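Enquirer: Provided herewith: start_19.txt, compact mmCIF, C-alpha atoms.
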# COMPACT_ATOMS: atom_id res chain seq x y z
CA MET A 1 10.69 -1.81 -22.24
CA TYR A 2 14.24 -2.73 -21.35
CA ARG A 3 16.40 -5.60 -22.44
CA VAL A 4 19.22 -6.65 -20.15
CA LEU A 5 22.26 -8.19 -21.78
CA LEU A 6 24.83 -10.24 -19.89
CA ALA A 7 28.23 -8.95 -20.91
CA ALA A 8 30.69 -10.38 -18.40
CA SER A 9 31.16 -12.98 -15.70
CA LEU A 10 28.70 -12.91 -12.83
CA ALA A 11 31.41 -13.60 -10.29
CA ALA A 12 33.65 -10.74 -11.28
CA PHE A 13 31.22 -7.89 -10.75
CA PRO A 14 28.45 -6.94 -8.38
CA THR A 15 25.07 -8.23 -9.47
CA VAL A 16 23.32 -4.90 -9.01
CA ALA A 17 24.59 -1.68 -10.50
CA SER A 18 25.13 1.17 -8.05
CA ALA A 19 22.34 3.62 -8.43
CA LYS A 20 22.76 6.92 -6.69
CA VAL A 21 21.63 10.16 -8.19
CA VAL A 22 19.84 11.84 -5.33
CA PHE A 23 17.77 14.89 -4.60
CA CYS A 24 15.99 15.82 -1.40
CA ASN A 25 12.88 17.84 -0.81
CA ALA A 26 11.70 19.21 2.49
CA THR A 27 8.80 20.98 4.02
CA GLY A 28 8.59 22.98 7.23
CA ARG A 29 5.90 22.73 9.84
CA ALA A 30 5.12 26.43 9.49
CA VAL A 31 5.09 26.32 5.69
CA PRO A 32 3.39 23.03 4.80
CA ASN A 33 2.54 24.12 1.26
CA VAL A 34 6.09 24.99 0.33
CA ARG A 35 8.63 22.39 -0.72
CA TYR A 36 12.28 23.25 -1.00
CA TYR A 37 14.45 20.88 -3.00
CA THR A 38 18.13 20.33 -3.69
CA PRO A 39 19.84 20.01 -7.05
CA PHE A 40 20.42 16.48 -8.35
CA VAL A 41 23.67 15.25 -6.86
CA ASP A 42 25.88 12.22 -7.44
CA ILE A 43 26.59 10.46 -4.15
CA GLY A 44 28.52 7.56 -5.67
CA SER A 45 27.74 4.12 -4.29
CA SER A 46 27.33 5.11 -0.64
CA ASP A 47 24.39 3.58 1.22
CA THR A 48 24.29 6.27 3.88
CA ALA A 49 25.02 9.48 1.99
CA SER A 50 21.36 9.91 1.13
CA LEU A 51 20.42 9.98 4.82
CA ASP A 52 23.30 12.32 5.59
CA LEU A 53 22.23 14.63 2.79
CA GLY A 54 18.66 14.71 4.14
CA ARG A 55 19.82 15.61 7.65
CA ALA A 56 22.20 18.25 6.32
CA PHE A 57 19.42 19.73 4.18
CA GLU A 58 17.15 19.99 7.23
CA ALA A 59 19.96 21.75 9.12
CA TYR A 60 20.55 24.08 6.16
CA LEU A 61 16.85 25.00 6.06
CA ARG A 62 16.76 25.62 9.81
CA THR A 63 19.55 28.14 9.33
CA THR A 64 18.44 29.79 6.14
CA HIS A 65 14.66 29.65 6.52
CA PRO A 66 13.89 30.32 10.18
CA GLU A 67 10.16 30.69 9.48
CA GLY A 68 9.87 26.92 9.79
CA ASP A 69 11.58 25.67 12.92
CA SER A 70 10.93 22.01 12.20
CA TRP A 71 11.87 20.55 8.82
CA ASP A 72 11.13 17.14 7.40
CA ALA A 73 13.31 16.10 4.45
CA HIS A 74 12.80 13.18 2.10
CA CYS A 75 15.56 12.05 -0.27
CA ASP A 76 15.12 9.94 -3.33
CA ALA A 77 17.83 7.87 -5.02
CA GLU A 78 17.61 6.88 -8.65
CA PRO A 79 20.01 5.13 -11.04
CA SER A 80 20.41 8.05 -13.43
CA LEU A 81 19.88 11.76 -13.77
CA SER A 82 16.98 11.29 -16.16
CA ARG A 83 15.24 8.97 -13.71
CA SER A 84 15.80 11.48 -10.93
CA GLU A 85 14.32 14.25 -13.06
CA SER A 86 11.30 12.08 -13.80
CA ARG A 87 10.89 11.38 -10.10
CA LEU A 88 10.88 15.09 -9.30
CA ASP A 89 8.29 15.66 -12.04
CA TRP A 90 6.20 12.90 -10.51
CA PHE A 91 6.40 14.47 -7.05
CA LYS A 92 5.41 17.85 -8.48
CA TYR A 93 2.54 16.30 -10.41
CA ASN A 94 1.26 14.62 -7.26
CA ASN A 95 1.66 17.74 -5.13
CA LYS A 96 0.22 20.33 -7.44
CA ASP A 97 -0.93 22.54 -4.61
CA ALA A 98 2.58 22.89 -3.22
CA GLN A 99 4.97 25.63 -4.20
CA TRP A 100 8.24 24.00 -5.32
CA ILE A 101 11.33 26.13 -4.65
CA PRO A 102 14.79 25.01 -5.81
CA THR A 103 17.85 25.61 -3.62
CA ASP A 104 21.58 25.44 -4.31
CA PHE A 105 22.29 23.11 -1.40
CA THR A 106 24.26 20.04 -2.52
CA GLY A 107 25.72 19.01 0.85
CA GLY A 108 29.19 19.05 -0.70
CA PHE A 109 28.36 16.42 -3.32
CA PRO A 110 28.98 17.11 -7.00
CA LYS A 111 25.99 17.95 -9.11
CA ALA A 112 24.91 15.05 -11.28
CA THR A 113 25.53 15.28 -14.99
CA SER A 114 23.73 13.44 -17.73
CA ALA A 115 26.48 10.80 -17.60
CA SER A 116 26.18 10.36 -13.85
CA ARG A 117 25.34 6.84 -12.88
CA ASP A 118 23.56 6.32 -16.12
CA ALA A 119 22.54 2.70 -16.37
CA ASP A 120 24.48 2.39 -19.63
CA ALA A 121 27.66 3.43 -17.84
CA SER A 122 27.09 1.51 -14.62
CA GLY A 123 29.73 -1.15 -15.20
CA PRO A 124 30.74 -3.91 -17.53
CA TYR A 125 28.43 -6.51 -16.02
CA LEU A 126 25.09 -5.14 -17.10
CA THR A 127 24.26 -3.32 -20.25
CA VAL A 128 20.75 -1.97 -20.31
CA LYS A 129 19.48 -0.89 -23.68
CA LYS A 130 16.20 0.71 -24.38
CA ASP A 131 14.24 -1.15 -27.00
CA THR A 132 12.86 0.57 -30.04
CA GLY A 133 9.56 2.38 -30.16
CA SER A 134 7.69 -0.67 -31.40
CA ALA A 135 8.33 -2.45 -28.10
CA ASP A 136 7.06 0.57 -26.19
CA ALA A 137 3.98 0.66 -28.39
CA ALA A 138 3.33 -3.05 -27.76
CA LYS A 139 3.66 -2.51 -24.03
CA ALA A 140 1.27 0.43 -24.16
CA LEU A 141 -1.20 -1.66 -26.12
CA ASN A 142 -0.99 -4.49 -23.57
CA GLU A 143 -1.56 -2.01 -20.77
CA ALA A 144 -4.58 -0.56 -22.56
CA ILE A 145 -6.11 -4.03 -23.04
CA LEU A 146 -5.60 -4.92 -19.37
CA LYS A 147 -6.89 -1.56 -18.21
CA ALA A 148 -10.08 -1.91 -20.24
CA GLN A 149 -10.74 -5.26 -18.54
CA ARG A 150 -9.99 -3.78 -15.10
CA ASP A 151 -12.35 -0.89 -15.75
CA GLY A 152 -15.09 -3.34 -16.64
CA ALA A 153 -14.45 -5.25 -13.41
CA ALA A 154 -14.47 -2.04 -11.36
CA ALA A 155 -18.04 -1.36 -12.39
CA LEU A 156 -19.06 -4.70 -10.88
CA ALA A 157 -16.74 -4.87 -7.86
CA ARG A 158 -18.90 -2.99 -5.37
CA ARG A 159 -22.10 -4.80 -6.31
CA ILE A 160 -20.40 -8.17 -5.99
CA ALA A 161 -18.93 -7.24 -2.59
CA GLU A 162 -22.30 -5.98 -1.38
CA THR A 163 -24.09 -9.10 -2.54
CA ALA A 164 -21.43 -11.40 -1.09
CA ARG A 165 -21.76 -9.61 2.26
CA THR A 166 -25.40 -10.66 2.48
CA LYS A 167 -24.61 -14.35 2.18
CA ALA A 168 -25.03 -16.26 5.43
CA GLU A 169 -21.76 -18.06 4.81
CA THR A 170 -19.90 -14.74 4.44
CA GLN A 171 -21.49 -13.30 7.54
CA ALA A 172 -20.49 -16.39 9.52
CA GLN A 173 -16.92 -16.07 8.25
CA LEU A 174 -16.74 -12.37 9.18
CA ALA A 175 -18.16 -13.08 12.64
CA LYS A 176 -15.59 -15.85 13.11
CA PHE A 177 -12.73 -13.50 12.19
CA PHE A 178 -14.05 -10.96 14.66
CA THR A 179 -14.34 -13.47 17.51
CA GLU A 180 -10.95 -15.04 16.88
CA LEU A 181 -9.22 -11.68 16.69
CA LYS A 182 -10.59 -10.72 20.08
CA LYS A 183 -9.43 -14.08 21.43
CA ARG A 184 -5.94 -13.39 20.11
CA GLY A 185 -6.03 -10.01 21.85
CA ARG A 186 -6.96 -11.71 25.10
CA ALA A 187 -4.17 -14.27 24.84
CA GLN A 188 -1.46 -11.60 24.78
CA MET B 1 -36.86 -39.03 7.60
CA ARG B 2 -35.21 -37.45 10.59
CA PRO B 3 -35.52 -33.67 10.79
CA PHE B 4 -31.81 -32.88 10.43
CA ILE B 5 -31.55 -34.99 7.28
CA ALA B 6 -34.48 -33.09 5.80
CA LEU B 7 -32.85 -29.78 6.67
CA ALA B 8 -29.54 -30.86 5.14
CA LEU B 9 -31.31 -31.89 1.96
CA LEU B 10 -33.17 -28.59 1.77
CA ALA B 11 -29.91 -26.69 2.31
CA ALA B 12 -28.21 -28.70 -0.41
CA LEU B 13 -31.03 -27.98 -2.84
CA ALA B 14 -30.95 -24.27 -2.00
CA GLN B 15 -27.21 -23.96 -2.67
CA PRO B 16 -25.94 -23.87 -6.26
CA ALA B 17 -23.34 -26.51 -7.04
CA SER B 18 -20.60 -23.96 -7.64
CA ALA B 19 -19.93 -20.92 -5.45
CA GLN B 20 -20.75 -18.42 -8.19
CA LEU B 21 -22.06 -15.00 -7.32
CA MET B 22 -22.90 -12.58 -10.15
CA GLY B 23 -20.23 -14.33 -12.21
CA ALA B 24 -17.65 -14.13 -9.40
CA THR B 25 -16.13 -17.15 -7.67
CA GLU B 26 -14.96 -17.12 -4.05
CA LEU B 27 -11.18 -17.25 -3.67
CA LYS B 28 -10.24 -19.11 -0.51
CA ILE B 29 -6.91 -19.33 1.26
CA ALA B 30 -4.74 -22.21 0.08
CA THR B 31 -7.39 -23.36 -2.41
CA PRO B 32 -6.20 -22.31 -5.86
CA VAL B 33 -8.79 -21.80 -8.56
CA LYS B 34 -8.36 -22.67 -12.21
CA GLY B 35 -9.37 -20.08 -14.76
CA ALA B 36 -10.94 -21.57 -17.83
CA PRO B 37 -10.14 -20.30 -21.32
CA SER B 38 -12.59 -17.75 -22.62
CA SER B 39 -13.26 -16.12 -25.95
CA LYS B 40 -14.46 -12.89 -24.34
CA PRO B 41 -11.98 -10.08 -23.59
CA VAL B 42 -13.29 -9.47 -20.10
CA ALA B 43 -11.67 -9.81 -16.68
CA ASP B 44 -12.45 -12.78 -14.47
CA ILE B 45 -13.73 -11.66 -11.09
CA TYR B 46 -13.26 -13.35 -7.73
CA TYR B 47 -14.35 -12.31 -4.28
CA LEU B 48 -12.79 -13.08 -0.94
CA VAL B 49 -13.51 -12.57 2.73
CA GLY B 50 -10.47 -11.21 4.53
CA GLU B 51 -9.28 -9.66 7.76
CA SER B 52 -8.03 -6.18 8.59
CA GLY B 53 -4.24 -6.32 8.93
CA ALA B 54 -3.83 -9.64 7.10
CA LYS B 55 -1.00 -9.63 4.60
CA GLU B 56 -2.46 -11.30 1.56
CA THR B 57 -0.61 -12.59 -1.48
CA TYR B 58 -2.40 -13.46 -4.70
CA THR B 59 -0.45 -15.25 -7.39
CA LEU B 60 -1.55 -15.71 -10.95
CA ALA B 61 0.22 -18.37 -13.01
CA GLY B 62 -0.54 -18.23 -16.69
CA LYS B 63 0.81 -17.08 -20.01
CA GLY B 64 1.26 -13.64 -21.51
CA PRO B 65 0.61 -10.12 -20.17
CA ALA B 66 -1.80 -10.08 -17.25
CA SER B 67 -2.77 -8.01 -14.26
CA LEU B 68 -4.26 -8.62 -10.84
CA THR B 69 -6.33 -5.88 -9.23
CA LEU B 70 -7.82 -5.76 -5.75
CA PHE B 71 -10.97 -3.74 -5.16
CA GLY B 72 -12.21 -2.69 -1.73
CA PRO B 73 -15.68 -3.37 -0.30
CA ASP B 74 -16.76 0.03 -1.68
CA GLY B 75 -15.55 -0.86 -5.19
CA SER B 76 -12.41 1.30 -5.05
CA GLU B 77 -9.32 0.00 -6.81
CA ILE B 78 -6.86 -0.53 -3.96
CA LEU B 79 -3.84 -1.95 -5.75
CA THR B 80 -2.90 -3.49 -9.05
CA ALA B 81 0.09 -5.48 -10.31
CA SER B 82 0.87 -6.46 -13.85
CA GLY B 83 3.46 -8.59 -15.59
CA SER B 84 3.86 -11.45 -17.97
CA GLY B 85 3.39 -15.09 -17.08
CA SER B 86 3.35 -15.09 -13.30
CA VAL B 87 1.91 -12.03 -11.55
CA SER B 88 1.87 -11.57 -7.79
CA LEU B 89 0.02 -8.96 -5.74
CA GLU B 90 0.78 -8.42 -2.07
CA VAL B 91 -1.50 -6.25 0.01
CA VAL B 92 -2.38 -5.58 3.65
CA LEU B 93 -6.17 -5.51 3.95
CA PRO B 94 -7.72 -2.39 5.50
CA PHE B 95 -10.98 -4.00 6.66
CA THR B 96 -12.49 -7.27 7.77
CA ASP B 97 -14.84 -7.45 4.85
CA VAL B 98 -15.45 -8.66 1.31
CA PHE B 99 -12.95 -7.70 -1.38
CA THR B 100 -12.94 -8.35 -5.10
CA ILE B 101 -10.10 -9.37 -7.40
CA ALA B 102 -10.03 -8.92 -11.16
CA VAL B 103 -7.80 -11.06 -13.35
CA ALA B 104 -7.19 -9.28 -16.64
CA ARG B 105 -5.29 -11.04 -19.42
CA LYS B 106 -4.25 -10.04 -22.88
CA SER B 107 -4.98 -13.49 -24.18
CA THR B 108 -8.04 -14.92 -22.49
CA ALA B 109 -7.80 -18.14 -24.50
CA ALA B 110 -5.19 -19.71 -22.21
CA PRO B 111 -5.97 -21.30 -18.83
CA TYR B 112 -4.42 -20.06 -15.60
CA SER B 113 -4.43 -20.66 -11.87
CA LEU B 114 -4.93 -18.14 -9.09
CA SER B 115 -3.89 -18.80 -5.51
CA ARG B 116 -4.22 -16.94 -2.24
CA LYS B 117 -2.07 -16.88 0.89
CA ALA B 118 -2.78 -14.81 4.01
CA THR B 119 -1.20 -14.17 7.38
CA VAL B 120 -3.24 -14.18 10.57
CA PRO B 121 -3.06 -10.63 11.97
CA THR B 122 -2.47 -9.78 15.60
CA LEU B 123 -4.86 -7.37 17.28
CA ALA B 124 -2.25 -4.61 16.88
CA GLU B 125 -1.90 -5.32 13.15
CA ALA B 126 -5.68 -5.30 12.69
CA GLU B 127 -5.97 -2.00 14.56
CA MET B 128 -3.07 -0.38 12.75
CA ALA B 129 -4.26 -1.39 9.27
CA GLY B 130 -7.87 -0.29 9.80
CA GLY B 131 -9.02 2.12 7.11
CA ILE B 132 -5.58 2.64 5.57
CA GLY B 133 -5.88 4.04 2.08
CA TYR B 134 -9.09 5.88 2.94
CA GLU B 135 -9.94 9.43 3.93
CA SER B 136 -12.61 10.05 6.55
CA LYS B 137 -15.91 11.37 5.24
CA ASP B 138 -15.31 14.79 6.78
CA GLY B 139 -11.92 14.92 5.03
CA LYS B 140 -10.08 15.48 8.29
CA ARG B 141 -8.15 12.23 8.45
CA ALA B 142 -6.32 10.42 5.64
CA GLN B 143 -4.33 7.24 6.11
CA CYS B 144 -1.71 5.63 3.90
CA TRP B 145 1.12 3.12 4.08
CA ILE B 146 4.71 4.27 4.00
CA ILE B 147 5.82 0.63 4.19
CA PRO B 148 2.80 -1.68 3.91
CA GLY B 149 2.23 -3.64 7.09
CA VAL B 150 5.06 -1.89 8.91
CA LYS B 151 4.82 1.88 8.81
CA ALA B 152 1.76 4.06 8.24
CA ARG B 153 0.94 7.75 8.22
CA VAL B 154 -2.23 9.51 9.31
CA THR B 155 -2.56 13.07 8.10
CA TYR B 156 -4.74 15.69 9.77
CA PRO B 157 -5.35 19.30 8.74
CA LYS B 158 -2.80 20.50 11.28
CA GLY B 159 -0.35 17.67 11.63
CA LYS B 160 0.41 14.04 11.08
CA GLU B 161 1.16 10.85 12.96
CA GLU B 162 3.41 8.00 11.92
CA PHE B 163 2.94 4.49 13.24
CA THR B 164 5.49 1.70 13.16
CA LEU B 165 4.76 -1.90 14.05
CA ALA B 166 7.35 -3.40 16.41
CA ALA B 167 9.01 -6.72 15.66
CA ASP B 168 6.81 -8.44 18.27
CA ARG B 169 3.77 -7.50 16.09
CA ASP B 170 1.90 -6.54 19.27
CA THR B 171 3.20 -3.02 19.88
CA VAL B 172 2.87 0.05 17.70
CA THR B 173 5.25 2.95 18.15
CA PHE B 174 3.93 6.34 17.12
CA VAL B 175 5.33 9.80 16.56
CA SER B 176 2.91 12.68 16.44
CA PHE B 177 3.78 15.93 14.68
CA ALA B 178 1.37 18.67 15.72
CA PRO B 179 1.52 22.47 15.90
CA ARG B 180 2.04 22.28 19.65
CA GLY B 181 5.06 19.99 19.24
CA THR B 182 6.19 16.46 18.66
CA SER B 183 5.25 13.58 20.93
CA SER B 184 5.79 9.84 20.81
CA GLY B 185 4.90 6.65 22.63
CA ASP B 186 4.18 2.94 22.39
CA ALA B 187 0.68 1.56 22.08
CA SER B 188 -0.27 -2.00 22.92
CA PHE B 189 -3.64 -3.63 22.37
CA THR B 190 -5.55 -6.23 24.37
CA SER B 191 -9.11 -7.45 24.40
CA ASP B 192 -11.38 -8.63 27.19
CA GLY B 193 -13.42 -10.52 24.66
CA GLU B 194 -15.72 -7.56 24.00
CA MET B 195 -13.89 -4.25 24.16
CA VAL B 196 -10.42 -3.44 22.89
CA ARG B 197 -8.10 -1.74 25.36
CA ARG B 198 -5.37 0.47 23.97
CA ALA B 199 -2.61 1.27 26.49
CA VAL B 200 -0.29 4.07 25.44
CA ARG B 201 3.01 4.39 27.26
CA TYR B 202 4.80 7.75 26.94
CA PRO B 203 8.56 8.31 27.30
CA ASP B 204 8.06 9.81 30.79
CA GLY B 205 6.54 6.51 31.96
CA LYS B 206 2.93 7.70 32.01
CA VAL B 207 0.36 5.26 30.69
CA LYS B 208 -2.97 6.26 29.18
CA ASP B 209 -5.71 3.67 28.67
CA VAL B 210 -8.65 3.83 26.32
CA SER B 211 -11.28 1.11 25.85
CA TYR B 212 -13.52 1.05 22.84
CA GLU B 213 -15.73 -1.21 20.81
CA PRO B 214 -13.73 -2.57 17.86
CA ARG B 215 -14.91 -1.93 14.33
CA TYR B 216 -13.37 -3.61 11.31
CA PRO B 217 -15.79 -3.69 8.34
CA TYR B 218 -15.85 -0.85 5.81
CA ASP B 219 -18.24 1.87 6.92
CA PRO B 220 -18.96 4.64 4.42
CA GLN B 221 -19.81 7.04 7.25
CA GLU B 222 -16.46 6.54 8.96
CA ASP B 223 -14.07 5.44 6.24
CA GLY B 224 -15.21 7.76 3.48
CA ARG B 225 -13.48 7.52 0.15
CA PHE B 226 -10.34 5.78 -1.06
CA THR B 227 -7.44 8.17 -1.61
CA GLY B 228 -4.40 5.92 -2.03
CA TYR B 229 -2.86 2.79 -0.55
CA LEU B 230 0.72 4.08 -0.56
CA CYS B 231 1.69 7.51 0.71
CA LYS B 232 2.63 9.75 -2.20
CA GLN B 233 5.96 10.51 -0.54
Please re-express this file's structure in C-alpha cells.
Expert:
Amino acid sequence: MYRVLLAASLAAFPTVASAKVVFCNATGRAVPNVRYYTPFVDIGSSDTASLDLGRAFEAYLRTTHPEGDSWDAHCDAEPSLSRSESRLDWFKYNNKDAQWIPTDFTGGFPKATSASRDADASGPYLTVKKDTGSADAAKALNEAILKAQRDGAAALARRIAETARTKAETQAQLAKFFTELKKRGRAQ
Amino acid sequence: MRPFIALALLAALAQPASAQLMGATELKIATPVKGAPSSKPVADIYYLVGESGAKETYTLAGKGPASLTLFGPDGSEILTASGSGSVSLEVVLPFTDVFTIAVARKSTAAPYSLSRKATVPTLAEAEMAGGIGYESKDGKRAQCWIIPGVKARVTYPKGKEEFTLAADRDTVTFVSFAPRGTSSGDASFTSDGEMVRRAVRYPDGKVKDVSYEPRYPYDPQEDGRFTGYLCKQ
C-alpha cells in the first residue's frame, strides 16, 4: 500500500512523474514459442521512444534471427526498474510454455539501474513511500475477505443466470434487444 | 369482471412483490438499488440482462473495502474491481444474455448503493464483442480485448487477427496474420431485419459479402470456456 505525500507546489511541477523504464519482447511468426527480450533500458521522459525501441528491436531480430521473417514486438514502460522486473516476471509466468531468451539489444538507450526513474527519485513534487508491513498485511486480509465472498457468489452465479433466463420478462427483454439491434443495422 | 382485469389480477398475484430470484435482485439501467446492512459476511448478488457490445459501468457507493465482480451467463468470473468507498467496474459485454454481479464488502453492516449505466451498441459493436473472453469448445479460436470496446484479438492455432473499431462505430478494420501472409480490410455490418450482412472491403477495392443468421446469447457449444477478458499481452 502506498502513501503519497505532497511536498511542493502543484503549479511548479508536472502532476505526474515521468515513468519510463522499458523493455521489449518479441516473437517471430516462424518461432511462436520463443520470446526474445531486451535488457531494461531508461528512455527518459520520451513518449515515443518506446515505439521506436520496439520497431528497432523488430529490425534487429530480422537481421540477427532470419528464421523468423516477421517479428511482432511489444514494449512495456514502467516507473522503475523493480516494476519493470516484476512485469517481466508476470509475462513469463503467464507464458510458461514460451522459451524466454534475453538479448543485448538496447537500441542505444542506457541500461536502467536500480536508481533509474525510481518513484522515490522522480521529482520534488511527489514522494511515494511504501508503508510498513502491517499495512500490506491489512490489505491482504481485506483482499482475502472480499475474495471469499466472491467465491461464494461464483458458486451461485450460473444457477441464477440460468434461472433468470427462463423468466418470461427476461426472454421478452432479450428478444427486444435482438429486434432493436437488427433495426439499428438496417438504419445504417 | 372484464377478462383483461381478471388476467391482470392473476398476473399480479403470480408475481412476487420484489424482483428477487434465488436471493438475487435485478439491476436495471439508471435504476440504482440500495443495499441493506447485513450481519452475514456474504456477497450480495444481482443479475442483469445486457447486450453484446454494450459498454456497461457499475458503480458501488459505500464505505470501506469492497469489490464488484461480473460473472458471465456460464458462471465464469469475467472481471472484478476493488477499492475503498466508491468502486467502479467498466466492461463490454460479450453476449446478449443474463449476467450476474457480486458486491463483496469487508463491512457488510453499512448500507450502499449500486448503479448501472450502459451504452446502446451498434451492430458492428455487437458483432465485434461477441464471445470475447472465451475460447471455442474445440480450442481453435480464443478471443480477448487488447483495448476493451476498441481493439480485440482472435488467436488461431496458426495465426491471429486483430480488429479495431473505427470512430464511426459502424466499421471494423482488421489485420490478419497467417502463415501465408498478412492481409487487412474493413468490415461493415448491416441487417435486412433477419440476416446480418458483413461486407469486407480489401485494399485492392474488392468487396466480399457474407450473410448469416446473427447469434448473441452464450452458447456452450460455440463459445466454450472463459479464458480471459484482457489479452495477456
Enquirer: Using 6 Å of padding on each side, determine the axis-aligned box around all atoms of region 84-95 of chain A present in the file and give its centre and edge lengths in Å to one decimal, as lines of an AutoDock Vina configuration file.
Expert:
center_x = 8.5
center_y = 14.6
center_z = -9.5
size_x = 26.5
size_y = 18.5
size_z = 20.7
Enquirer: Using only C-alpha atoms, which residues of chain B come within 7 Å of chain A, and what is the closest atom pair for each, with the distance in Å to one decimal? Give it as CSV, sorted by chain and residue number.
Expert:
residue,atom,partner,partner_atom,distance
B:Met22,CA,A:Ile160,CA,6.6
B:Val42,CA,A:Gln149,CA,5.2
B:Ala43,CA,A:Gln149,CA,5.0
B:Ile45,CA,A:Ala153,CA,6.9
B:Val49,CA,A:Thr170,CA,7.0
B:Glu51,CA,A:Phe177,CA,6.8
B:Pro65,CA,A:Asn142,CA,6.8
B:Ala66,CA,A:Leu146,CA,6.7
B:Ser67,CA,A:Leu146,CA,6.6
B:Phe71,CA,A:Ala157,CA,6.5
B:Pro73,CA,A:Ala161,CA,5.5
B:Asp74,CA,A:Arg158,CA,5.2
B:Gly75,CA,A:Arg158,CA,4.0
B:Thr96,CA,A:Leu174,CA,6.8
B:Asp97,CA,A:Leu174,CA,6.8
B:Val98,CA,A:Ala161,CA,5.4
B:Phe99,CA,A:Ala161,CA,6.1
B:Thr100,CA,A:Ala157,CA,5.8
B:Ala102,CA,A:Ala153,CA,6.2
B:Ala104,CA,A:Leu146,CA,5.4
B:Arg105,CA,A:Leu146,CA,6.1
B:Lys106,CA,A:Ile145,CA,6.3
B:Thr122,CA,A:Arg184,CA,6.7
B:Leu123,CA,A:Gly185,CA,5.4
B:Phe189,CA,A:Gly185,CA,6.8
B:Thr190,CA,A:Gly185,CA,4.6
B:Ser191,CA,A:Gly185,CA,4.7
B:Asp192,CA,A:Arg186,CA,5.8
B:Gly193,CA,A:Lys182,CA,5.4
Enquirer: Around (-10.7, -0.7, 16.6) in the file's own coordinates, what residues are found within 6 Å if you use all atoms listed in the file, given back as a compact mmCIF listing (two decimals) with C-alpha atoms, keeping the file's coordinate frame?
Expert:
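As a result, part-v3.txt now contains:
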# COMPACT_ATOMS: atom_id res chain seq x y z
CA GLU B 127 -5.97 -2.00 14.56
CA PRO B 214 -13.73 -2.57 17.86
CA ARG B 215 -14.91 -1.93 14.33
Enquirer: Just the number, please: distance in Å from CA of Tyr156 (chain B) to CA of Asp223 (chain B), one decimal.
Expert: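 Pair CA of Tyr156 (chain B) / CA of Asp223 (chain B) returns 14.3 Å.
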Enquirer: For region 85-93 of chain B, work out the shell of residues within 8 Å, counting all atoms listed in the file and skipping chain neighbours fewer than 5 positions away, then give it as an MDAnalysis selection string.
Expert: chainID B and resid 50:69 79:80 129 148:149
Enquirer: In Å, how far is it from CA of Asn33 (chain A) to CA of Ala73 (chain A)?
Expert: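 It comes out at 13.8 Å.
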Enquirer: As an exercise, work out the distance from CA of Lys117 (chain B) to CA of Val103 (chain B) in Å and give it to one decimal place.
Expert: 16.4 Å
Enquirer: Between A:Asn25, A:Ser86, A:Thr166, A:Thr113, single out the one closest to Arg55 (chain A), counting all atoms listed in the file.
Expert: A:Asn25
Enquirer: Around (27.2, 14.1, -5.2) in the file's frame, which residues reach within 9 Å when counting all atoms listed in the file? Return as an mmCIF file with C-alpha atoms, in the coordinates of the input?
Expert:
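The file below, out_10.cif, is the result:
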data_model
loop_
_atom_site.group_PDB
_atom_site.id
_atom_site.type_symbol
_atom_site.label_atom_id
_atom_site.label_comp_id
_atom_site.auth_asym_id
_atom_site.auth_seq_id
_atom_site.Cartn_x
_atom_site.Cartn_y
_atom_site.Cartn_z
ATOM 1 C CA LYS A 20 22.760 6.920 -6.690
ATOM 2 C CA VAL A 21 21.630 10.160 -8.190
ATOM 3 C CA VAL A 22 19.840 11.840 -5.330
ATOM 4 C CA PHE A 40 20.420 16.480 -8.350
ATOM 5 C CA VAL A 41 23.670 15.250 -6.860
ATOM 6 C CA ASP A 42 25.880 12.220 -7.440
ATOM 7 C CA ILE A 43 26.590 10.460 -4.150
ATOM 8 C CA GLY A 44 28.520 7.560 -5.670
ATOM 9 C CA ALA A 49 25.020 9.480 1.990
ATOM 10 C CA THR A 106 24.260 20.040 -2.520
ATOM 11 C CA GLY A 107 25.720 19.010 0.850
ATOM 12 C CA GLY A 108 29.190 19.050 -0.700
ATOM 13 C CA PHE A 109 28.360 16.420 -3.320
ATOM 14 C CA PRO A 110 28.980 17.110 -7.000
ATOM 15 C CA LYS A 111 25.990 17.950 -9.110
ATOM 16 C CA ALA A 112 24.910 15.050 -11.280
#
Enquirer: For Ala36 (chain B), list every protein, DNA or RNA residue within 10 Å, evaluated using all atoms listed in the file, and leave out those in the same chain fewer than 6 positions away; present the list as a list in words.
Expert: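 With the cut-off at 10 Å, the set is Asp44, Thr108, Ala109, Ala110, Pro111, Tyr112 and Ser113 of chain B.
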Enquirer: Write the residues of the preceding selection, restricted to C-alpha atoms, as a compact mmCIF listing (two decimals), in the frame of the given file.
Expert:
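Output file selection_24.txt follows:
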# COMPACT_ATOMS: atom_id res chain seq x y z
CA ASP B 44 -12.45 -12.78 -14.47
CA THR B 108 -8.04 -14.92 -22.49
CA ALA B 109 -7.80 -18.14 -24.50
CA ALA B 110 -5.19 -19.71 -22.21
CA PRO B 111 -5.97 -21.30 -18.83
CA TYR B 112 -4.42 -20.06 -15.60
CA SER B 113 -4.43 -20.66 -11.87
Enquirer: For a quick check of understanding, using all atoms listed in the file, which of B:Pro94, B:Gly133, B:Gly35, B:Pro203 has the smallest distance to Lys232 (chain B)?
Expert: B:Gly133
Enquirer: Tell me which of A:Leu51, A:Ser80, A:Asp72, A:Lys96 sits closest to Tyr36 (chain A), counting all atoms listed in the file.
Expert: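 The answer is A:Asp72, which sits nearest to Tyr36 (chain A).
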Enquirer: Can you work out which one of B:Ser136, B:Asp170, B:Ser183, B:Pro37 has the shortest atom-to-atom distance to Asp219 (chain B), counting all atoms listed in the file?
Expert: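 Closest candidate: B:Ser136.
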